[in-house]
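Asker: Below is the file data.cif, which contains mmCIF, C-alpha atoms and all ligand atoms; chains and numbers go by the auth columns.
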data_upload
#
loop_
_atom_site.group_PDB
_atom_site.id
_atom_site.type_symbol
_atom_site.label_atom_id
_atom_site.label_comp_id
_atom_site.label_asym_id
_atom_site.label_seq_id
_atom_site.Cartn_x
_atom_site.Cartn_y
_atom_site.Cartn_z
_atom_site.B_iso_or_equiv
_atom_site.auth_seq_id
_atom_site.auth_asym_id
ATOM 1 C CA MET A 1 -4.521 12.366 21.189 0.00 181 O
ATOM 2 C CA ALA A 2 -3.759 15.913 20.079 0.00 182 O
ATOM 3 C CA GLN A 3 -4.544 17.133 16.600 0.00 183 O
ATOM 4 C CA PRO A 4 -1.856 16.010 14.150 0.00 184 O
ATOM 5 C CA PRO A 5 0.366 19.079 13.606 0.00 185 O
ATOM 6 C CA GLU A 6 0.451 18.582 9.810 0.00 186 O
ATOM 7 C CA GLY A 7 -3.208 17.627 9.615 0.00 187 O
ATOM 8 C CA PRO A 8 -5.975 17.397 8.896 0.00 188 O
ATOM 9 C CA PHE A 9 -4.784 15.331 5.963 0.00 189 O
ATOM 10 C CA ARG A 10 -6.678 15.681 2.699 0.00 190 O
ATOM 11 C CA SER A 11 -5.687 12.337 1.268 0.00 191 O
ATOM 12 C CA PHE A 12 -4.502 8.951 2.456 0.00 192 O
ATOM 13 C CA TYR A 13 -2.373 6.912 0.078 0.00 193 O
ATOM 14 C CA PHE A 14 -1.705 3.244 0.765 0.00 194 O
ATOM 15 C CA ASP A 15 0.736 0.686 -0.538 0.00 195 O
ATOM 16 C CA CYS A 16 -1.035 -2.481 -1.735 0.00 196 O
ATOM 17 C CA ASP A 17 0.930 -5.671 -1.008 0.00 197 O
ATOM 18 C CA SER A 18 1.281 -6.401 2.730 0.00 198 O
ATOM 19 C CA THR A 19 -0.511 -3.115 3.523 0.00 199 O
ATOM 20 C CA LEU A 20 -4.043 -2.951 2.061 0.00 200 O
ATOM 21 C CA SER A 21 -3.805 -6.620 1.194 0.00 201 O
ATOM 22 C CA SER A 22 -2.194 -9.358 3.261 0.00 202 O
ATOM 23 C CA ILE A 23 -0.572 -11.020 0.242 0.00 203 O
ATOM 24 C CA GLU A 24 2.344 -10.234 -2.091 0.00 204 O
ATOM 25 C CA GLY A 25 0.660 -10.363 -5.510 0.00 205 O
ATOM 26 C CA VAL A 26 3.543 -11.494 -7.686 0.00 206 O
ATOM 27 C CA ASP A 27 4.497 -14.243 -5.264 0.00 207 O
ATOM 28 C CA GLU A 28 1.019 -15.680 -5.713 0.00 208 O
ATOM 29 C CA LEU A 29 1.853 -16.374 -9.331 0.00 209 O
ATOM 30 C CA THR A 30 4.832 -18.522 -8.487 0.00 210 O
ATOM 31 C CA ARG A 31 2.644 -21.201 -6.881 0.00 211 O
ATOM 32 C CA GLY A 32 2.759 -23.533 -9.847 0.00 212 O
ATOM 33 C CA MET A 33 6.553 -23.327 -10.133 0.00 213 O
ATOM 34 C CA PRO A 34 9.128 -25.724 -8.711 0.00 214 O
ATOM 35 C CA GLU A 35 9.700 -25.128 -4.997 0.00 215 O
ATOM 36 C CA ALA A 36 13.304 -23.931 -5.394 0.00 216 O
ATOM 37 C CA GLU A 37 12.327 -21.337 -7.989 0.00 217 O
ATOM 38 C CA GLN A 38 9.469 -20.121 -5.787 0.00 218 O
ATOM 39 C CA ARG A 39 11.832 -19.697 -2.867 0.00 219 O
ATOM 40 C CA ALA A 40 14.332 -17.789 -4.995 0.00 220 O
ATOM 41 C CA LEU A 41 11.664 -15.366 -6.256 0.00 221 O
ATOM 42 C CA ARG A 42 10.222 -14.838 -2.789 0.00 222 O
ATOM 43 C CA ALA A 43 13.701 -14.091 -1.502 0.00 223 O
ATOM 44 C CA LEU A 44 14.104 -11.473 -4.250 0.00 224 O
ATOM 45 C CA THR A 45 10.852 -9.734 -3.238 0.00 225 O
ATOM 46 C CA GLU A 46 11.955 -9.780 0.364 0.00 226 O
ATOM 47 C CA GLN A 47 15.361 -8.286 -0.472 0.00 227 O
ATOM 48 C CA ALA A 48 13.702 -5.460 -2.407 0.00 228 O
ATOM 49 C CA MET A 49 11.304 -4.738 0.456 0.00 229 O
ATOM 50 C CA LEU A 50 14.201 -4.659 2.896 0.00 230 O
ATOM 51 C CA GLY A 51 16.202 -2.370 0.621 0.00 231 O
ATOM 52 C CA GLU A 52 19.013 -4.898 0.148 0.00 232 O
ATOM 53 C CA LEU A 53 18.647 -4.963 -3.641 0.00 233 O
ATOM 54 C CA PRO A 54 17.595 -2.144 -5.979 0.00 234 O
ATOM 55 C CA LEU A 55 13.933 -2.589 -6.867 0.00 235 O
ATOM 56 C CA GLU A 56 14.534 -2.324 -10.625 0.00 236 O
ATOM 57 C CA GLN A 57 16.916 -5.256 -10.545 0.00 237 O
ATOM 58 C CA VAL A 58 14.396 -7.428 -8.734 0.00 238 O
ATOM 59 C CA TYR A 59 11.489 -6.187 -10.791 0.00 239 O
ATOM 60 C CA GLU A 60 12.733 -7.119 -14.222 0.00 240 O
ATOM 61 C CA ARG A 61 14.039 -10.510 -13.166 0.00 241 O
ATOM 62 C CA ARG A 62 10.877 -11.431 -11.339 0.00 242 O
ATOM 63 C CA LEU A 63 8.457 -10.377 -14.059 0.00 243 O
ATOM 64 C CA HIS A 64 10.510 -11.970 -16.786 0.00 244 O
ATOM 65 C CA VAL A 65 10.327 -15.319 -15.002 0.00 245 O
ATOM 66 C CA VAL A 66 6.691 -15.046 -13.952 0.00 246 O
ATOM 67 C CA ALA A 67 5.479 -13.533 -17.285 0.00 247 O
ATOM 68 C CA PRO A 68 1.885 -13.070 -16.072 0.00 248 O
ATOM 69 C CA SER A 69 -0.921 -13.534 -18.601 0.00 249 O
ATOM 70 C CA ALA A 70 -4.290 -11.757 -18.566 0.00 250 O
ATOM 71 C CA ARG A 71 -5.630 -14.760 -16.679 0.00 251 O
ATOM 72 C CA ASP A 72 -2.860 -14.561 -14.076 0.00 252 O
ATOM 73 C CA LEU A 73 -3.527 -10.859 -13.559 0.00 253 O
ATOM 74 C CA ALA A 74 -7.218 -11.533 -12.991 0.00 254 O
ATOM 75 C CA ALA A 75 -6.214 -14.224 -10.489 0.00 255 O
ATOM 76 C CA ILE A 76 -3.984 -11.772 -8.590 0.00 256 O
ATOM 77 C CA GLY A 77 -6.899 -9.330 -8.450 0.00 257 O
ATOM 78 C CA ARG A 78 -9.140 -12.019 -6.979 0.00 258 O
ATOM 79 C CA ARG A 79 -6.500 -12.981 -4.404 0.00 259 O
ATOM 80 C CA TYR A 80 -6.125 -9.343 -3.320 0.00 260 O
ATOM 81 C CA VAL A 81 -9.886 -9.030 -2.901 0.00 261 O
ATOM 82 C CA GLU A 82 -10.059 -12.295 -0.941 0.00 262 O
ATOM 83 C CA HIS A 83 -7.245 -11.185 1.363 0.00 263 O
ATOM 84 C CA PRO A 84 -7.601 -7.578 2.488 0.00 264 O
ATOM 85 C CA SER A 85 -5.456 -6.834 5.528 0.00 265 O
ATOM 86 C CA ARG A 86 -7.249 -6.621 8.849 0.00 266 O
ATOM 87 C CA ASP A 87 -9.821 -3.778 8.926 0.00 267 O
ATOM 88 C CA ALA A 88 -8.666 -2.476 5.526 0.00 268 O
ATOM 89 C CA VAL A 89 -12.237 -2.373 4.227 0.00 269 O
ATOM 90 C CA ALA A 90 -13.508 -0.409 7.253 0.00 270 O
ATOM 91 C CA THR A 91 -10.487 1.892 7.222 0.00 271 O
ATOM 92 C CA VAL A 92 -11.042 2.948 3.623 0.00 272 O
ATOM 93 C CA ALA A 93 -14.799 3.290 4.176 0.00 273 O
ATOM 94 C CA ALA A 94 -14.199 5.431 7.266 0.00 274 O
ATOM 95 C CA LEU A 95 -11.814 7.748 5.415 0.00 275 O
ATOM 96 C CA GLN A 96 -14.248 8.138 2.544 0.00 276 O
ATOM 97 C CA PHE A 97 -17.082 8.803 5.004 0.00 277 O
ATOM 98 C CA LEU A 98 -14.993 11.714 6.299 0.00 278 O
ATOM 99 C CA GLY A 99 -14.527 13.024 2.764 0.00 279 O
ATOM 100 C CA LYS A 100 -10.858 11.996 2.496 0.00 280 O
ATOM 101 C CA ARG A 101 -9.387 11.102 -0.830 0.00 281 O
ATOM 102 C CA VAL A 102 -8.021 7.541 -0.755 0.00 282 O
ATOM 103 C CA GLY A 103 -5.483 6.178 -3.202 0.00 283 O
ATOM 104 C CA ILE A 104 -3.088 3.304 -3.834 0.00 284 O
ATOM 105 C CA VAL A 105 0.575 3.639 -4.812 0.00 285 O
ATOM 106 C CA SER A 106 2.045 0.252 -5.558 0.00 286 O
ATOM 107 C CA GLY A 107 4.917 -1.347 -7.367 0.00 287 O
ATOM 108 C CA GLY A 108 2.440 -4.178 -8.007 0.00 288 O
ATOM 109 C CA LEU A 109 0.731 -4.941 -11.274 0.00 289 O
ATOM 110 C CA ARG A 110 -1.966 -2.447 -12.156 0.00 290 O
ATOM 111 C CA GLN A 111 -4.487 -4.940 -13.472 0.00 291 O
ATOM 112 C CA GLY A 112 -4.503 -6.762 -10.115 0.00 292 O
ATOM 113 C CA VAL A 113 -4.291 -3.665 -7.919 0.00 293 O
ATOM 114 C CA ALA A 114 -7.221 -2.089 -9.794 0.00 294 O
ATOM 115 C CA ALA A 115 -9.440 -5.017 -8.820 0.00 295 O
ATOM 116 C CA LEU A 116 -8.708 -4.396 -5.137 0.00 296 O
ATOM 117 C CA ALA A 117 -9.299 -0.667 -5.623 0.00 297 O
ATOM 118 C CA GLU A 118 -12.670 -1.333 -7.193 0.00 298 O
ATOM 119 C CA PHE A 119 -13.600 -3.674 -4.333 0.00 299 O
ATOM 120 C CA LEU A 120 -12.647 -0.992 -1.799 0.00 300 O
ATOM 121 C CA GLY A 121 -14.439 1.787 -3.690 0.00 301 O
ATOM 122 C CA ILE A 122 -11.201 3.617 -4.507 0.00 302 O
ATOM 123 C CA ASP A 123 -11.393 5.783 -7.613 0.00 303 O
ATOM 124 C CA ASP A 124 -9.322 4.463 -10.501 0.00 304 O
ATOM 125 C CA SER A 125 -7.734 7.886 -11.022 0.00 305 O
ATOM 126 C CA CYS A 126 -6.114 7.480 -7.584 0.00 306 O
ATOM 127 C CA VAL A 127 -4.582 4.073 -8.408 0.00 307 O
ATOM 128 C CA HIS A 128 -0.902 4.142 -9.287 0.00 308 O
ATOM 129 C CA ALA A 129 0.751 0.834 -10.195 0.00 309 O
ATOM 130 C CA VAL A 130 2.679 -0.786 -13.045 0.00 310 O
ATOM 131 C CA GLN A 131 0.662 -1.804 -16.082 0.00 311 O
ATOM 132 C CA VAL A 132 1.499 -5.166 -17.628 0.00 312 O
ATOM 133 C CA LEU A 133 1.538 -5.097 -21.422 0.00 313 O
ATOM 134 C CA LEU A 134 -0.147 -8.052 -23.082 0.00 314 O
ATOM 135 C CA ASP A 135 -0.437 -9.252 -26.650 0.00 315 O
ATOM 136 C CA ALA A 136 -3.751 -9.754 -28.440 0.00 316 O
ATOM 137 C CA ASP A 137 -4.043 -13.264 -26.954 0.00 317 O
ATOM 138 C CA GLY A 138 -3.547 -12.023 -23.395 0.00 318 O
ATOM 139 C CA ARG A 139 0.031 -13.258 -23.166 0.00 319 O
ATOM 140 C CA TYR A 140 2.738 -11.334 -21.313 0.00 320 O
ATOM 141 C CA ARG A 141 4.733 -8.992 -23.509 0.00 321 O
ATOM 142 C CA ASP A 142 6.425 -6.519 -21.154 0.00 322 O
ATOM 143 C CA PHE A 143 5.529 -4.006 -18.497 0.00 323 O
ATOM 144 C CA ASP A 144 5.089 -0.237 -18.693 0.00 324 O
ATOM 145 C CA ARG A 145 8.658 0.908 -18.306 0.00 325 O
ATOM 146 C CA SER A 146 7.586 4.555 -18.317 0.00 326 O
ATOM 147 C CA SER A 147 6.048 4.037 -14.856 0.00 327 O
ATOM 148 C CA PRO A 148 8.325 5.300 -12.080 0.00 328 O
ATOM 149 C CA LEU A 149 7.031 2.567 -9.766 0.00 329 O
ATOM 150 C CA TRP A 150 9.336 -0.251 -10.754 0.00 330 O
ATOM 151 C CA ARG A 151 12.370 1.695 -9.514 0.00 331 O
ATOM 152 C CA ASN A 152 13.470 2.964 -6.133 0.00 332 O
ATOM 153 C CA GLY A 153 12.252 6.511 -5.555 0.00 333 O
ATOM 154 C CA GLY A 154 9.230 5.892 -7.789 0.00 334 O
ATOM 155 C CA LYS A 155 6.730 6.527 -5.033 0.00 335 O
ATOM 156 C CA ILE A 156 8.326 9.909 -4.330 0.00 336 O
ATOM 157 C CA GLU A 157 7.787 10.811 -7.970 0.00 337 O
ATOM 158 C CA VAL A 158 4.132 9.781 -7.857 0.00 338 O
ATOM 159 C CA MET A 159 3.640 11.903 -4.728 0.00 339 O
ATOM 160 C CA ARG A 160 5.284 14.886 -6.465 0.00 340 O
ATOM 161 C CA ARG A 161 2.926 14.616 -9.420 0.00 341 O
ATOM 162 C CA LEU A 162 -0.264 14.599 -7.314 0.00 342 O
ATOM 163 C CA PRO A 163 -2.611 17.550 -7.859 0.00 343 O
ATOM 164 C CA PRO A 164 -2.086 20.254 -5.216 0.00 344 O
ATOM 165 C CA ASP A 165 -5.521 19.652 -3.688 0.00 345 O
ATOM 166 C CA HIS A 166 -4.458 16.127 -2.620 0.00 346 O
ATOM 167 C CA HIS A 167 -2.050 17.613 -0.090 0.00 347 O
ATOM 168 C CA PRO A 168 -1.394 17.317 2.786 0.00 348 O
ATOM 169 C CA VAL A 169 -0.917 13.567 2.244 0.00 349 O
ATOM 170 C CA LEU A 170 -0.589 10.754 4.744 0.00 350 O
ATOM 171 C CA PHE A 171 1.137 7.700 3.230 0.00 351 O
ATOM 172 C CA VAL A 172 0.993 4.183 4.666 0.00 352 O
ATOM 173 C CA GLY A 173 3.215 1.253 3.691 0.00 353 O
ATOM 174 C CA ASP A 174 5.226 -1.703 4.901 0.00 354 O
ATOM 175 C CA GLY A 175 8.340 -1.680 2.726 0.00 355 O
ATOM 176 C CA VAL A 176 11.510 0.285 2.125 0.00 356 O
ATOM 177 C CA THR A 177 10.149 1.696 -1.165 0.00 357 O
ATOM 178 C CA ASP A 178 7.305 3.120 0.929 0.00 358 O
ATOM 179 C CA LEU A 179 9.637 4.522 3.563 0.00 359 O
ATOM 180 C CA GLU A 180 11.347 6.478 0.762 0.00 360 O
ATOM 181 C CA VAL A 181 8.396 8.907 0.709 0.00 361 O
ATOM 182 C CA GLN A 182 9.050 9.930 4.312 0.00 362 O
ATOM 183 C CA GLY A 183 9.948 13.611 4.236 0.00 363 O
ATOM 184 C CA HIS A 184 8.194 14.041 0.873 0.00 364 O
ATOM 185 C CA VAL A 185 4.663 13.818 2.285 0.00 365 O
ATOM 186 C CA ALA A 186 3.147 15.420 5.366 0.00 366 O
ATOM 187 C CA ARG A 187 3.273 12.133 7.253 0.00 367 O
ATOM 188 C CA PHE A 188 4.592 8.651 6.617 0.00 368 O
ATOM 189 C CA VAL A 189 3.180 5.755 8.622 0.00 369 O
ATOM 190 C CA GLY A 190 4.951 2.385 8.593 0.00 370 O
ATOM 191 C CA PHE A 191 2.621 -0.602 8.812 0.00 371 O
ATOM 192 C CA GLY A 192 3.892 -3.806 10.402 0.00 372 O
ATOM 193 C CA GLY A 193 0.539 -5.563 10.672 0.00 373 O
ATOM 194 C CA VAL A 194 1.212 -8.066 7.879 0.00 374 O
ATOM 195 C CA GLU A 195 5.017 -8.105 7.579 0.00 375 O
ATOM 196 C CA ARG A 196 7.330 -6.379 10.004 0.00 376 O
ATOM 197 C CA ARG A 197 10.289 -5.033 8.006 0.00 377 O
ATOM 198 C CA PRO A 198 13.011 -4.083 10.494 0.00 378 O
ATOM 199 C CA PRO A 199 14.507 -1.172 8.473 0.00 379 O
ATOM 200 C CA VAL A 200 11.054 0.410 8.199 0.00 380 O
ATOM 201 C CA ALA A 201 10.243 -0.214 11.862 0.00 381 O
ATOM 202 C CA ALA A 202 13.551 1.406 12.809 0.00 382 O
ATOM 203 C CA ARG A 203 13.297 4.487 10.606 0.00 383 O
ATOM 204 C CA ALA A 204 9.601 5.311 10.233 0.00 384 O
ATOM 205 C CA GLU A 205 8.547 8.413 12.085 0.00 385 O
ATOM 206 C CA VAL A 206 5.295 6.632 12.971 0.00 386 O
ATOM 207 C CA TYR A 207 5.162 2.826 13.020 0.00 387 O
ATOM 208 C CA LEU A 208 2.110 0.647 13.611 0.00 388 O
ATOM 209 C CA GLU A 209 3.008 -2.646 15.269 0.00 389 O
ATOM 210 C CA GLY A 210 -0.533 -3.998 15.627 0.00 390 O
ATOM 211 C CA PRO A 211 -2.354 -6.154 13.074 0.00 391 O
ATOM 212 C CA SER A 212 -5.180 -3.700 12.310 0.00 392 O
ATOM 213 C CA LEU A 213 -4.837 -1.168 9.516 0.00 393 O
ATOM 214 C CA ALA A 214 -7.489 0.911 11.318 0.00 394 O
ATOM 215 C CA ALA A 215 -4.727 2.144 13.650 0.00 395 O
ATOM 216 C CA VAL A 216 -3.956 4.520 10.758 0.00 396 O
ATOM 217 C CA LEU A 217 -7.151 6.359 11.740 0.00 397 O
ATOM 218 C CA GLY A 218 -5.799 6.763 15.259 0.00 398 O
ATOM 219 C CA VAL A 219 -2.641 8.495 14.040 0.00 399 O
ATOM 220 C CA GLY A 220 -4.087 10.236 10.982 0.00 400 O
ATOM 221 C CA LEU A 221 -7.340 11.844 12.070 0.00 401 O
ATOM 222 C CA CYS A 222 -7.761 14.884 14.240 0.00 402 O
ATOM 223 C CA ASP A 223 -10.064 14.877 17.250 0.00 403 O
ATOM 224 C CA ASP A 224 -13.179 16.289 15.603 0.00 404 O
ATOM 225 C CA GLU A 225 -12.833 13.826 12.709 0.00 405 O
ATOM 226 C CA LYS A 226 -12.657 10.952 15.199 0.00 406 O
ATOM 227 C CA THR A 227 -15.734 12.272 16.969 0.00 407 O
ATOM 228 C CA ARG A 228 -17.673 12.474 13.689 0.00 408 O
ATOM 229 C CA LEU A 229 -16.622 8.957 12.775 0.00 409 O
ATOM 230 C CA LEU A 230 -17.573 7.404 16.098 0.00 410 O
ATOM 231 C CA ALA A 231 -20.991 9.071 15.990 0.00 411 O
ATOM 232 C CA GLU A 232 -21.721 6.860 12.979 0.00 412 O
ATOM 233 C CA PRO A 233 -22.957 3.457 14.266 0.00 413 O
ATOM 234 C CA ARG A 234 -21.280 1.373 11.564 0.00 414 O
ATOM 235 C CA PHE A 235 -17.868 2.728 12.566 0.00 415 O
ATOM 236 C CA ALA A 236 -18.377 2.539 16.340 0.00 416 O
ATOM 237 C CA PHE A 237 -16.396 -0.738 16.517 0.00 417 O
ATOM 238 C CA LEU A 238 -13.278 1.202 15.513 0.00 418 O
ATOM 239 C CA ARG A 239 -13.251 3.072 18.825 0.00 419 O
ATOM 240 C CA PRO A 240 -10.406 1.061 20.445 0.00 420 O
ATOM 241 C CA MET A 241 -8.179 1.734 17.421 0.00 421 O
ATOM 242 C CA LEU A 242 -8.933 5.450 17.548 0.00 422 O
ATOM 243 C CA GLU A 243 -8.444 5.880 21.247 0.00 423 O
ATOM 244 C CA GLN A 244 -5.327 3.818 21.752 0.00 424 O
ATOM 245 C CA PRO A 245 -3.323 4.002 18.583 0.00 425 O
ATOM 246 C CA GLN A 246 -0.656 1.330 18.869 0.00 426 O
ATOM 247 C CA ALA A 247 1.929 3.589 17.363 0.00 427 O
ATOM 248 C CA GLU A 248 5.273 4.913 18.287 0.00 428 O
ATOM 249 C CA ARG A 249 5.873 8.503 17.270 0.00 429 O
ATOM 250 C CA ARG A 250 9.382 9.766 16.950 0.00 430 O
ATOM 251 C CA PRO A 251 10.408 13.370 16.718 0.00 431 O
ATOM 252 C CA ARG A 252 11.850 14.277 13.316 0.00 432 O
HETATM 253 MG MG MG B . 4.103 -3.618 0.399 0.00 501 Z
#
Reformat the file's structure so that it appears as structure tokens.
Answerer:
Amino acid sequence: MAQPPEGPFRSFYFDCDSTLSSIEGVDELTRGMPEAEQRALRALTEQAMLGELPLEQVYERRLHVVAPSARDLAAIGRRYVEHPSRDAVATVAALQFLGKRVGIVSGGLRQGVAALAEFLGIDDSCVHAVQVLLDADGRYRDFDRSSPLWRNGGKIEVMRRLPPDHHPVLFVGDGVTDLEVQGHVARFVGFGGVERRPPVAARAEVYLEGPSLAAVLGVGLCDDEKTRLLAEPRFAFLRPMLEQPQAERRPR
């Protein structure tokens, strides 16, 4: 594959839920609830990810009902760590081996997302998510409403505030709030490996249909970076993903 015209990219930012991790964190917390309530909350998440409802509307309602405690947030973190998406660990390690900055931009809850970041070796300063505010006993109080990430367009704002040396950026995500950054970063890559969201599949300039997140390396690295990576024995198993990226590239 030819060298990416906007590359080489300096940093790779990933969404968390259904991108770096194969779960939707908040939905995990609804497990103890009555079945009908669980279904209603899952439907809300889905509508937000498909762009059918404004994120802020879904966000407040969902968090108010779920009201996660410190214990719940720790549980989400554990679930993220137990369920990375396919090849997520190797993908992040490979990018870091090449000296790329790796970050997370998520509308998820910061306390949970940070646990996954730590597991993946992602620096906390590159983790952007919504902090849950707790009282002294670890009970839910509110969430950080000053974060842009509980509203549509929030990820664009986070990208705008990145230090200049993080650019050019490649951004990877599964949902409509991820797709919003397309045109605001050097390259947006839609990831359908966990959940295929039709509006994202239809509009993403690059869309990965396969289950492995490592396909990001195929579309995001230039030829000499791929060569350096494959010369390293622990990354040699990634060769098929680098040589045949299962991606569709559309002209802008
Ligand atoms: Mg997601």
Asker: Of the candidates O:Ser305, O:Gly231, O:Ala274, O:Ser327, which one gets nearest to Thr407 in chain O if we count all atoms listed in the file?
Answerer: O:Ala274
Asker: Would you pick out the contacts of Asp315 in chain O at 10 Å or less, using only C-alpha atoms, so that residues sharing its chain but fewer than 4 positions from it are not included, and give the list as a ChimeraX atom specification?
Answerer: /O:249-250,319-322
Asker: Let me make sure I understand: among O:Ala220, O:Ile302, O:Leu200, O:Leu388, which one has the smallest atom-to-atom distance to Val245 in chain O if we use only C-alpha atoms?
Answerer: O:Ala220
Asker: Just give me the gap between CA of Arg340 in chain O and CA of Asp304 in chain O in Å, one decimal is fine.
Answerer: 18.4 Å
Asker: Using all atoms listed in the file, which protein or nucleic acid residues come within 7 Å of range 234-242 of chain O? Drop anything in the same chain fewer than 6 positions from it, and give the result as number ranges by chain.
Answerer: O: 221, 224-225, 228, 330-332
Asker: With C-alpha atoms retained, write the just-selected residues as a PDB file, keeping the file's coordinate frame.
Answerer:
ATOM      1  CA  LEU O 221      11.664 -15.366  -6.256  1.00  0.00           C
ATOM      2  CA  LEU O 224      14.104 -11.473  -4.250  1.00  0.00           C
ATOM      3  CA  THR O 225      10.852  -9.734  -3.238  1.00  0.00           C
ATOM      4  CA  ALA O 228      13.702  -5.460  -2.407  1.00  0.00           C
ATOM      5  CA  TRP O 330       9.336  -0.251 -10.754  1.00  0.00           C
ATOM      6  CA  ARG O 331      12.370   1.695  -9.514  1.00  0.00           C
ATOM      7  CA  ASN O 332      13.470   2.964  -6.133  1.00  0.00           C
TER       8      ASN O 332
END
Asker: Any residue with an atom at most 12 Å from ligand MG 501 (chain Z) counts, using only C-alpha atoms and all ligand atoms. Which are they? Put them as number ranges by chain.
Answerer: O: 194-206, 225-226, 228-230, 265, 284-288, 293, 309, 335, 352-359, 370-377, 380
Asker: Pull out every residue that the PyMOL selection byres (((chain O and resi 191) around 6) and not hetatm) matches in the shown coordinates and put them as a list in words.
Answerer: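 That selection, the PyMOL selection byres (((chain O and resi 191) around 6) and not hetatm), comes back as Phe189, Arg190, Phe192, Lys280, Arg281, Val282, His346 and Val349 of chain O.
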Asker: Compare O:Phe368, O:Tyr193, O:Phe417, O:Phe323 by their minimum atom-to-atom distance to Val272 in chain O, counting only C-alpha atoms, and give me the closest one.
Answerer: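 Nearest candidate to Val272 in chain O out of O:Phe368, O:Tyr193, O:Phe417, O:Phe323: O:Tyr193.
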Asker: May I have the residues within 9 Å of Ala366 in chain O as a PyMOL selection string, using only C-alpha atoms and disregarding those fewer than 2 positions away in the same chain?
Answerer: chain O and resi 186-187+189+347-351+362-364+368
Asker: Tell me which of O:Asp324, O:Asp267, O:Glu405, O:Glu298 sits closest to Gly390 in chain O, counting all atoms listed in the file.
Answerer: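 Comparing O:Asp324, O:Asp267, O:Glu405, O:Glu298 against Gly390 in chain O, the winner is O:Asp267.
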Asker: Quick one: which residues end up in the PyMOL selection byres (((chain O and resi 420) around 12) and not hetatm) for this structure, as a PyMOL selection string?
Answerer: chain O and resi 392+394-395+397-398+406+410+415-419+421-426
Asker: Extending 6 Å beyond the listed atoms of range 396-399 of chain O on each side, what axis-aligned box results? I want centre and edge lengths in Å to one decimal, as lines of an AutoDock Vina configuration file.
Answerer:
center_x = -4.9
center_y = 6.5
center_z = 13.0
size_x = 16.5
size_y = 16.0
size_z = 16.5
Asker: Which is closest to Ala254 in chain O among O:Ala268, O:Met213, O:Leu296, O:Ala381, if we use all atoms listed in the file?
Answerer: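 Of O:Ala268, O:Met213, O:Leu296, O:Ala381, the one nearest Ala254 in chain O, counting all atoms listed in the file, is O:Leu296.
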